[in-house]
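Worksheet: the structure to be examined is printed underneath.
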Amino acid sequence: MARDVKEKLFEIDSKKIELDFLQQQFLVECKRFAAQSIEGKVRFAISSNAKKAITLGKLGLTPIKNQVNDMIDNISDMVDKIVKQGQLWLHTRETLVAKDFPTDQYLVKGSRGPEILETALKKILSPLGKLLITHGLDTDKNWEENHETLLYCHPLDWSKEMSHCIRQYNERFNELSKLVEEYESLSMQSSGNDALDLWDSL
């Protein structure tokens, strides 16, 4: 029985390594997506508010463009800071308990990602929202305050690469959930057997 428990722990550790790899892949794709989203939303804001953009002229638009370029240049750090947080990736917990593994936690719905990561991605766009609203290039109808963070309030269309990556992550995550359940069951049996052995030895 003790051997079975050890084998199950080895399987759990192996599955966690697979999930670590998929998490890293997702972060790479996320950085690309976030940079493209910032660029796309700025261009849309400029073309949709042409009158305001023209009024700002080169003098007004140059500092805005510089700030946007800074956001894109620092996107890697921003994604790591926001999307790499441990509470978003349940497989990274020190202690794994079966009840902490809801099967739909990382489920992709159409072109939208799972809520747990969707909100984090929207936080990356927060500085952009503030910048656009401050300069009259966007309105509050596209952004909403959420716990003192300005969030883009429309669904994000994830890239195919991100969706593919998180679908794989979801599959492995559910496999890990099953392994953790099996480990808990084996541990309980093992403890029960140890208790009976103790009783029988009296």
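Each chain in the structure tokens gets a letter, A, B and so on, in the order shown; residues start at 1 in every chain, and ligands are counted from 1 in the order they appear.
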
List the spatial neighbours of Leu137 in chain A as an MDAnalysis selection string - criterion: any atom at most 10 Å away, only C-alpha atoms, same-chain residues fewer than 6 positions off excluded.
chainID A and resid 42 44:53 129 131

Go through range 15-112 of chain A residue by residue and, counting only C-alpha atoms, keep those with an atom at most 10 Å from range 116-126 of chain A; for each kept residue give the shortest atom pair and its distance in Å to one decimal, ordered by chain and increasing number, as CSV.
```
residue,atom,partner,partner_atom,distance
A:Cys30,CA,A:Leu121,CA,8.2
A:Lys31,CA,A:Leu121,CA,9.9
A:Phe33,CA,A:Leu121,CA,9.5
A:Ala34,CA,A:Ile124,CA,7.3
A:Ala35,CA,A:Leu125,CA,9.6
A:Ser37,CA,A:Leu125,CA,8.2
A:Ile38,CA,A:Leu125,CA,6.9
A:Lys41,CA,A:Leu125,CA,9.4
A:Met71,CA,A:Leu125,CA,9.3
A:Ile75,CA,A:Ile124,CA,8.3
A:Met78,CA,A:Ile124,CA,6.7
A:Val79,CA,A:Ile124,CA,6.9
A:Lys81,CA,A:Ile124,CA,9.5
A:Ile82,CA,A:Ala120,CA,6.2
A:Val83,CA,A:Ala120,CA,5.8
A:Lys84,CA,A:Ala120,CA,9.4
A:Gln85,CA,A:Ala120,CA,9.4
A:Gln87,CA,A:Ile116,CA,9.4
A:Leu88,CA,A:Ile116,CA,6.5
A:Trp89,CA,A:Ile116,CA,9.1
A:Gln105,CA,A:Ile116,CA,7.3
A:Tyr106,CA,A:Ile116,CA,7.5
A:Leu107,CA,A:Ile116,CA,9.8
A:Arg112,CA,A:Glu118,CA,7.7
```

Skip Asp104 in chain A itself and residues of its chain fewer than 5 positions away, then list as a PyMOL selection string all residues within 9 Å of it, counting only C-alpha atoms.
chain A and resi 114+170+174

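Across the model, the gap from CA of Tyr152 in chain A to CA of Pro127 in chain A is 10.4 Å.
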
For the alpha helix (DSSP H) assignment from backbone DSSP, which residues of range 2-202 of chain A qualify? Please present them as a PyMOL selection string.
chain A and resi 2-48+50-73+75-83+115-124+126-134+160-200
